[in-house]
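Asker: My questions all concern the structure below.
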Amino acid sequence: MEVLIVICISVVCVLFYFFHKKNIEYIKKNSICLNKILNLNSKQNFKVLNVSQSFCKNCNSKPQFDNFNIDNYMNGIIDENLDKYIKTIDDLKYNRKQHTFYQNQFNSIMNDNYNYAQLTQNTILNEFFFKMLEKFECERIKLKPALELTIYVSVFYTSPKGKNHYNKRYKINSNNVEYYCSECLKTRRYKQSAKYQRALMTDKLRYQVLCRDGHRCVLCGASAKDGVKLHVDHIIPVSKGGKTELSNLRTLCERCNLGKGASYNPNGYN
Ligand SMILES: [Zn+2]
């Protein structure tokens with residue numbers, strides 16, 4: 001019932017809007033309320049954002065379609081554009097904060113009856129409809145900034161010969177995006193950590209380094225035949241930001257390695 005009333009009133013307002021442009025012009029000139037709102041609007045600096053994004057993923061096989069993991073997919077997307085998404089989330093938070101403030105000021109202008117234009121003999125409408133029209137015009141110019149980000153992900157698979165089509169759709173909101181961003185940052189921080197670099201040191205990589213260096217200490221030339229134990233050493237120590245990759249690894253005998261410890265001289269011989 002209430003909805004019906006609202007619809008009827010809206011229809012009436014729309015009709016008045018079209019048929020009484022003169023009155024609108026009169027309101028624009030004389031409404032304190034409308035002018036206060038225009039003034040309020042001019043002071044806002046909401047961030048302009050693209051609030052809806054969509055991505056498509058075409059799968060190569062049915063299992064790939066079935067096992068599609070939205071979290072992994074989104075982590076990939078966010079990781080590629082992490083700075084951009086962090087900025088979007090910050091901008092949305094800024095807009096929400098500003099919007100609460102704006103909304104309060106807007107309401108206080110609208111609720112103050114003294115702000116409405118006074119009827120003069122020039123107007124055709126009676127006061128009730130006139131005020132309604134005035135309110136309608138005020139609502140129309142109300143700013144609607146971006147407050148939410150929505151990302152749609154569509155996943156497709158079409159069987160060979162095009163017999164069967166499968167699709168599913170995911171909807172990701174601002175909170176999800178914020179969560180993905182924080183996870184991405186955590187992963188990035190972990191990948192820069194010494195713990196992660198040590199975890200990269202696999203038996204396979206160790207063997208590769210030993211083979212490359214001919215199973216000999218690159219400093220003193222000792223090998224297992226001389227009864228020494230061979231270590232794989234980080235040239236720039238992990239604790240000083242060294243990476244676990246072939247170019248930063250070398251074979252050292254136990255003696256040379258223990259003598260070196262975690263020291264590293266960026267300008268000297270190591
Ligand atoms: Zn040695």
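Naming scheme: A, B, ... for chains in displayed order of the structure tokens; residues 1 onward per chain; ligands 1 onward as shown.
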Residues up to 12 Å from ligand 1, counting only C-alpha atoms and all ligand atoms: could you list those as a list of chain:residue names?

Answerer: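 Here is the list of contacting residues: A:His215, A:Arg216, A:Cys217, A:Val218, A:Leu219, A:Cys220, A:Gly221, A:Ala222, A:Ser223, A:Ala224, A:Asp226, A:Gly227, A:Val228, A:Lys229, A:Leu230, A:His231, A:Val232, A:Asp233, A:Arg250, A:Thr251, A:Leu252, A:Cys253, A:Glu254, A:Arg255, A:Cys256, A:Asn257, A:Leu258, A:Gly259, A:Lys260.
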
Asker: Convert the current residue selection to file output with N, CA and C atoms, as a short mmCIF file (atom, residue, chain, number, x, y, z; two decimals), in the first residue's frame.

Answerer:
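The resulting again_8.cif:
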```
data_model
loop_
_atom_site.label_atom_id
_atom_site.label_comp_id
_atom_site.auth_asym_id
_atom_site.auth_seq_id
_atom_site.Cartn_x
_atom_site.Cartn_y
_atom_site.Cartn_z
N HIS A 215 81.23 -29.79 -7.46
CA HIS A 215 81.32 -30.44 -6.14
C HIS A 215 82.60 -30.07 -5.40
N ARG A 216 82.97 -28.79 -5.53
CA ARG A 216 84.17 -28.30 -4.85
C ARG A 216 83.87 -26.97 -4.18
N CYS A 217 84.58 -26.71 -3.10
CA CYS A 217 84.47 -25.42 -2.44
C CYS A 217 85.01 -24.37 -3.41
N VAL A 218 84.23 -23.34 -3.69
CA VAL A 218 84.67 -22.35 -4.67
C VAL A 218 85.78 -21.45 -4.12
N LEU A 219 86.03 -21.49 -2.80
CA LEU A 219 87.08 -20.65 -2.22
C LEU A 219 88.42 -21.40 -2.12
N CYS A 220 88.37 -22.63 -1.54
CA CYS A 220 89.65 -23.33 -1.33
C CYS A 220 89.81 -24.55 -2.23
N GLY A 221 88.78 -24.91 -2.95
CA GLY A 221 88.86 -26.02 -3.91
C GLY A 221 88.71 -27.40 -3.29
N ALA A 222 88.49 -27.47 -1.99
CA ALA A 222 88.36 -28.78 -1.34
C ALA A 222 87.09 -29.48 -1.79
N SER A 223 87.13 -30.81 -1.85
CA SER A 223 85.95 -31.58 -2.23
C SER A 223 85.72 -32.68 -1.20
N ALA A 224 84.66 -33.45 -1.40
CA ALA A 224 84.32 -34.53 -0.47
C ALA A 224 85.47 -35.53 -0.34
N ASP A 226 88.50 -34.88 -0.11
CA ASP A 226 89.44 -34.37 0.90
C ASP A 226 88.86 -34.49 2.32
N GLY A 227 87.71 -35.11 2.40
CA GLY A 227 87.10 -35.34 3.71
C GLY A 227 86.36 -34.14 4.26
N VAL A 228 86.04 -33.18 3.40
CA VAL A 228 85.30 -32.03 3.92
C VAL A 228 83.81 -32.14 3.58
N LYS A 229 83.03 -31.47 4.39
CA LYS A 229 81.59 -31.45 4.17
C LYS A 229 81.28 -30.19 3.35
N LEU A 230 80.50 -30.38 2.24
CA LEU A 230 80.20 -29.22 1.40
C LEU A 230 78.86 -28.58 1.78
N HIS A 231 78.86 -27.27 1.86
CA HIS A 231 77.65 -26.50 2.17
C HIS A 231 77.26 -25.68 0.94
N VAL A 232 75.97 -25.38 0.84
CA VAL A 232 75.56 -24.40 -0.16
C VAL A 232 75.30 -23.09 0.58
N ASP A 233 76.02 -22.06 0.15
CA ASP A 233 76.05 -20.80 0.88
C ASP A 233 75.33 -19.69 0.10
N ARG A 250 76.39 -20.59 -3.81
CA ARG A 250 77.69 -21.17 -4.21
C ARG A 250 78.03 -22.30 -3.24
N THR A 251 78.98 -23.13 -3.68
CA THR A 251 79.42 -24.25 -2.85
C THR A 251 80.61 -23.81 -2.00
N LEU A 252 80.50 -24.06 -0.69
CA LEU A 252 81.62 -23.79 0.21
C LEU A 252 81.86 -25.03 1.07
N CYS A 253 83.10 -25.24 1.45
CA CYS A 253 83.34 -26.32 2.41
C CYS A 253 82.93 -25.80 3.79
N GLU A 254 82.77 -26.71 4.72
CA GLU A 254 82.28 -26.34 6.05
C GLU A 254 83.18 -25.28 6.70
N ARG A 255 84.50 -25.48 6.53
CA ARG A 255 85.46 -24.58 7.17
C ARG A 255 85.34 -23.16 6.65
N CYS A 256 85.31 -23.06 5.29
CA CYS A 256 85.19 -21.73 4.68
C CYS A 256 83.86 -21.08 5.05
N ASN A 257 82.82 -21.90 5.07
CA ASN A 257 81.49 -21.36 5.35
C ASN A 257 81.37 -20.87 6.79
N LEU A 258 81.89 -21.66 7.73
CA LEU A 258 81.78 -21.26 9.13
C LEU A 258 82.64 -20.02 9.39
N GLY A 259 83.76 -19.93 8.67
CA GLY A 259 84.61 -18.75 8.81
C GLY A 259 83.92 -17.51 8.32
N LYS A 260 83.09 -17.68 7.29
CA LYS A 260 82.40 -16.54 6.69
C LYS A 260 81.23 -16.08 7.56
#
```

Asker: Excluding same-chain residues fewer than 6 positions from range 36-43 of chain A, what lies within 12 Å of it counting only C-alpha atoms, as a PyMOL selection string?

Answerer: chain A and resi 28-30+98-99+101-110+112+114-117+134-135+137-145

Asker: Restrict the selected residues to N, CA and C atoms and save them as a PDB file, in the first residue's frame.

Answerer:
```
ATOM      1  N   LYS A  28      14.109  27.467  -8.662  1.00  0.00           N
ATOM      2  CA  LYS A  28      15.561  27.638  -8.765  1.00  0.00           C
ATOM      3  C   LYS A  28      15.969  29.061  -8.363  1.00  0.00           C
ATOM      4  N   LYS A  29      15.134  29.994  -8.713  1.00  0.00           N
ATOM      5  CA  LYS A  29      15.448  31.388  -8.405  1.00  0.00           C
ATOM      6  C   LYS A  29      15.192  31.724  -6.942  1.00  0.00           C
ATOM      7  N   ASN A  30      14.115  31.148  -6.394  1.00  0.00           N
ATOM      8  CA  ASN A  30      13.643  31.606  -5.084  1.00  0.00           C
ATOM      9  C   ASN A  30      13.822  30.645  -3.910  1.00  0.00           C
ATOM     10  N   GLN A  98      32.819  11.114   4.001  1.00  0.00           N
ATOM     11  CA  GLN A  98      32.332  12.408   3.529  1.00  0.00           C
ATOM     12  C   GLN A  98      30.818  12.375   3.316  1.00  0.00           C
ATOM     13  N   HIS A  99      30.338  11.211   2.843  1.00  0.00           N
ATOM     14  CA  HIS A  99      28.922  11.089   2.518  1.00  0.00           C
ATOM     15  C   HIS A  99      28.052  11.173   3.762  1.00  0.00           C
ATOM     16  N   PHE A 101      28.673  12.835   6.416  1.00  0.00           N
ATOM     17  CA  PHE A 101      28.694  14.240   6.759  1.00  0.00           C
ATOM     18  C   PHE A 101      27.745  15.030   5.829  1.00  0.00           C
ATOM     19  N   TYR A 102      27.863  14.725   4.539  1.00  0.00           N
ATOM     20  CA  TYR A 102      27.033  15.386   3.523  1.00  0.00           C
ATOM     21  C   TYR A 102      25.553  15.107   3.762  1.00  0.00           C
ATOM     22  N   GLN A 103      25.248  13.832   4.020  1.00  0.00           N
ATOM     23  CA  GLN A 103      23.865  13.393   4.240  1.00  0.00           C
ATOM     24  C   GLN A 103      23.239  14.132   5.428  1.00  0.00           C
ATOM     25  N   ASN A 104      24.007  14.276   6.510  1.00  0.00           N
ATOM     26  CA  ASN A 104      23.507  14.978   7.697  1.00  0.00           C
ATOM     27  C   ASN A 104      23.185  16.435   7.380  1.00  0.00           C
ATOM     28  N   GLN A 105      24.087  17.060   6.638  1.00  0.00           N
ATOM     29  CA  GLN A 105      23.866  18.474   6.300  1.00  0.00           C
ATOM     30  C   GLN A 105      22.688  18.625   5.332  1.00  0.00           C
ATOM     31  N   PHE A 106      22.610  17.685   4.404  1.00  0.00           N
ATOM     32  CA  PHE A 106      21.512  17.688   3.436  1.00  0.00           C
ATOM     33  C   PHE A 106      20.169  17.576   4.171  1.00  0.00           C
ATOM     34  N   ASN A 107      20.102  16.604   5.089  1.00  0.00           N
ATOM     35  CA  ASN A 107      18.849  16.397   5.842  1.00  0.00           C
ATOM     36  C   ASN A 107      18.495  17.616   6.681  1.00  0.00           C
ATOM     37  N   SER A 108      19.501  18.221   7.266  1.00  0.00           N
ATOM     38  CA  SER A 108      19.188  19.355   8.139  1.00  0.00           C
ATOM     39  C   SER A 108      18.651  20.531   7.310  1.00  0.00           C
ATOM     40  N   ILE A 109      19.150  20.690   6.088  1.00  0.00           N
ATOM     41  CA  ILE A 109      18.609  21.747   5.209  1.00  0.00           C
ATOM     42  C   ILE A 109      17.164  21.410   4.817  1.00  0.00           C
ATOM     43  N   MET A 110      16.943  20.138   4.471  1.00  0.00           N
ATOM     44  CA  MET A 110      15.616  19.705   4.015  1.00  0.00           C
ATOM     45  C   MET A 110      14.567  19.763   5.131  1.00  0.00           C
ATOM     46  N   ASP A 112      14.405  21.877   7.561  1.00  0.00           N
ATOM     47  CA  ASP A 112      14.155  23.216   8.071  1.00  0.00           C
ATOM     48  C   ASP A 112      13.142  23.936   7.172  1.00  0.00           C
ATOM     49  N   TYR A 114      11.955  26.797   7.139  1.00  0.00           N
ATOM     50  CA  TYR A 114      12.231  28.180   6.771  1.00  0.00           C
ATOM     51  C   TYR A 114      13.007  28.289   5.460  1.00  0.00           C
ATOM     52  N   ASN A 115      13.593  27.138   5.068  1.00  0.00           N
ATOM     53  CA  ASN A 115      14.393  27.160   3.853  1.00  0.00           C
ATOM     54  C   ASN A 115      13.563  27.127   2.579  1.00  0.00           C
ATOM     55  N   TYR A 116      12.273  26.827   2.714  1.00  0.00           N
ATOM     56  CA  TYR A 116      11.481  26.669   1.494  1.00  0.00           C
ATOM     57  C   TYR A 116      10.993  28.001   0.953  1.00  0.00           C
ATOM     58  N   ALA A 117      10.894  28.016  -0.365  1.00  0.00           N
ATOM     59  CA  ALA A 117      10.499  29.262  -1.022  1.00  0.00           C
ATOM     60  C   ALA A 117       9.080  29.645  -0.625  1.00  0.00           C
ATOM     61  N   GLU A 134       9.411  21.377  -4.989  1.00  0.00           N
ATOM     62  CA  GLU A 134      10.665  21.927  -4.492  1.00  0.00           C
ATOM     63  C   GLU A 134      11.523  20.816  -3.867  1.00  0.00           C
ATOM     64  N   LYS A 135      10.872  19.975  -3.059  1.00  0.00           N
ATOM     65  CA  LYS A 135      11.578  18.855  -2.429  1.00  0.00           C
ATOM     66  C   LYS A 135      12.095  17.891  -3.490  1.00  0.00           C
ATOM     67  N   GLU A 137      12.911  18.535  -6.532  1.00  0.00           N
ATOM     68  CA  GLU A 137      14.049  19.149  -7.215  1.00  0.00           C
ATOM     69  C   GLU A 137      15.306  19.056  -6.338  1.00  0.00           C
ATOM     70  N   CYS A 138      15.129  19.247  -5.035  1.00  0.00           N
ATOM     71  CA  CYS A 138      16.267  19.143  -4.106  1.00  0.00           C
ATOM     72  C   CYS A 138      16.829  17.723  -4.095  1.00  0.00           C
ATOM     73  N   GLU A 139      15.932  16.733  -4.048  1.00  0.00           N
ATOM     74  CA  GLU A 139      16.365  15.325  -4.033  1.00  0.00           C
ATOM     75  C   GLU A 139      17.081  14.975  -5.338  1.00  0.00           C
ATOM     76  N   ARG A 140      16.595  15.578  -6.419  1.00  0.00           N
ATOM     77  CA  ARG A 140      17.156  15.275  -7.729  1.00  0.00           C
ATOM     78  C   ARG A 140      18.627  15.698  -7.824  1.00  0.00           C
ATOM     79  N   ILE A 141      18.961  16.810  -7.187  1.00  0.00           N
ATOM     80  CA  ILE A 141      20.340  17.294  -7.305  1.00  0.00           C
ATOM     81  C   ILE A 141      21.245  16.744  -6.191  1.00  0.00           C
ATOM     82  N   LYS A 142      20.661  15.916  -5.336  1.00  0.00           N
ATOM     83  CA  LYS A 142      21.457  15.309  -4.253  1.00  0.00           C
ATOM     84  C   LYS A 142      22.592  14.480  -4.851  1.00  0.00           C
ATOM     85  N   LEU A 143      23.799  14.641  -4.331  1.00  0.00           N
ATOM     86  CA  LEU A 143      24.956  13.915  -4.879  1.00  0.00           C
ATOM     87  C   LEU A 143      24.921  12.451  -4.473  1.00  0.00           C
ATOM     88  N   LYS A 144      25.278  11.602  -5.413  1.00  0.00           N
ATOM     89  CA  LYS A 144      25.299  10.166  -5.136  1.00  0.00           C
ATOM     90  C   LYS A 144      26.694   9.624  -5.438  1.00  0.00           C
ATOM     91  N   PRO A 145      27.616   9.770  -4.500  1.00  0.00           N
ATOM     92  CA  PRO A 145      28.996   9.346  -4.755  1.00  0.00           C
ATOM     93  C   PRO A 145      29.148   7.813  -4.718  1.00  0.00           C
TER      94      PRO A 145
END
```

Asker: Running DSSP on the backbone, which parts of range 58-174 of chain A land in helix (DSSP H, G or I), as a count of residues only?

Answerer: 66

Asker: What's the 12 Å shell around Cys13 in chain A, counting only C-alpha atoms, without same-chain residues fewer than 5 positions away, as a list in words?

Answerer: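 Surrounding residues, per the criterion: Val6, Ile7, Cys8, Phe18, Phe19, His20, Lys21, Ile24, Phe128, Phe129, Phe130, Lys131, Met132, Leu133, Glu134, Lys135, Phe136, Glu137, Glu139 and Arg140 of chain A.
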
Asker: Could you tell me which of A:Thr158, A:Thr88, A:Asn111, A:Asn176 comes closest to Val48 in chain A if we count only C-alpha atoms?

Answerer: A:Thr88

Asker: Calculated over only C-alpha atoms, which of the candidates A:Leu200, A:Cys56, A:Leu49, A:Cys184 has the smallest distance to Glu148 in chain A?

Answerer: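 Checking each candidate against Glu148 in chain A, we get A:Leu49 as the closest.
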
Asker: Which residue, A:Lys22, A:Lys47, A:Lys62, A:Lys225, has the smallest gap to Asn164 in chain A when you use only C-alpha atoms?

Answerer: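 The shortest atom-to-atom distance to Asn164 in chain A comes from A:Lys62.
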
Asker: How far is it from CA of Arg206 in chain A to CA of Lys186 in chain A, in Å with one decimal?

Answerer: 27.7 Å

Asker: Enumerate the residues of range 69-219 of chain A with a DSSP assignment of strand (DSSP E), computed from the backbone, and present them as a ChimeraX atom specification.

Answerer: /A:150-158,165-172

Asker: Would you please work out which residue, of A:Asp90, A:Glu127, A:Asp203, A:Glu245, is nearest to Ser174 in chain A when using only C-alpha atoms?

Answerer: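 The shortest atom-to-atom distance to Ser174 in chain A comes from A:Asp90.
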
Asker: Kindly give the distance, in Å, that separates CA of Thr150 in chain A and CA of Lys97 in chain A, rounded to a single decimal.

Answerer: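 Pair CA of Thr150 in chain A / CA of Lys97 in chain A returns 18.8 Å.
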
Asker: Do you have the CA of Ser61 in chain A-CA of Lys163 in chain A distance handy?

Answerer: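 Distance reported for this atom pair: 13.3 Å.
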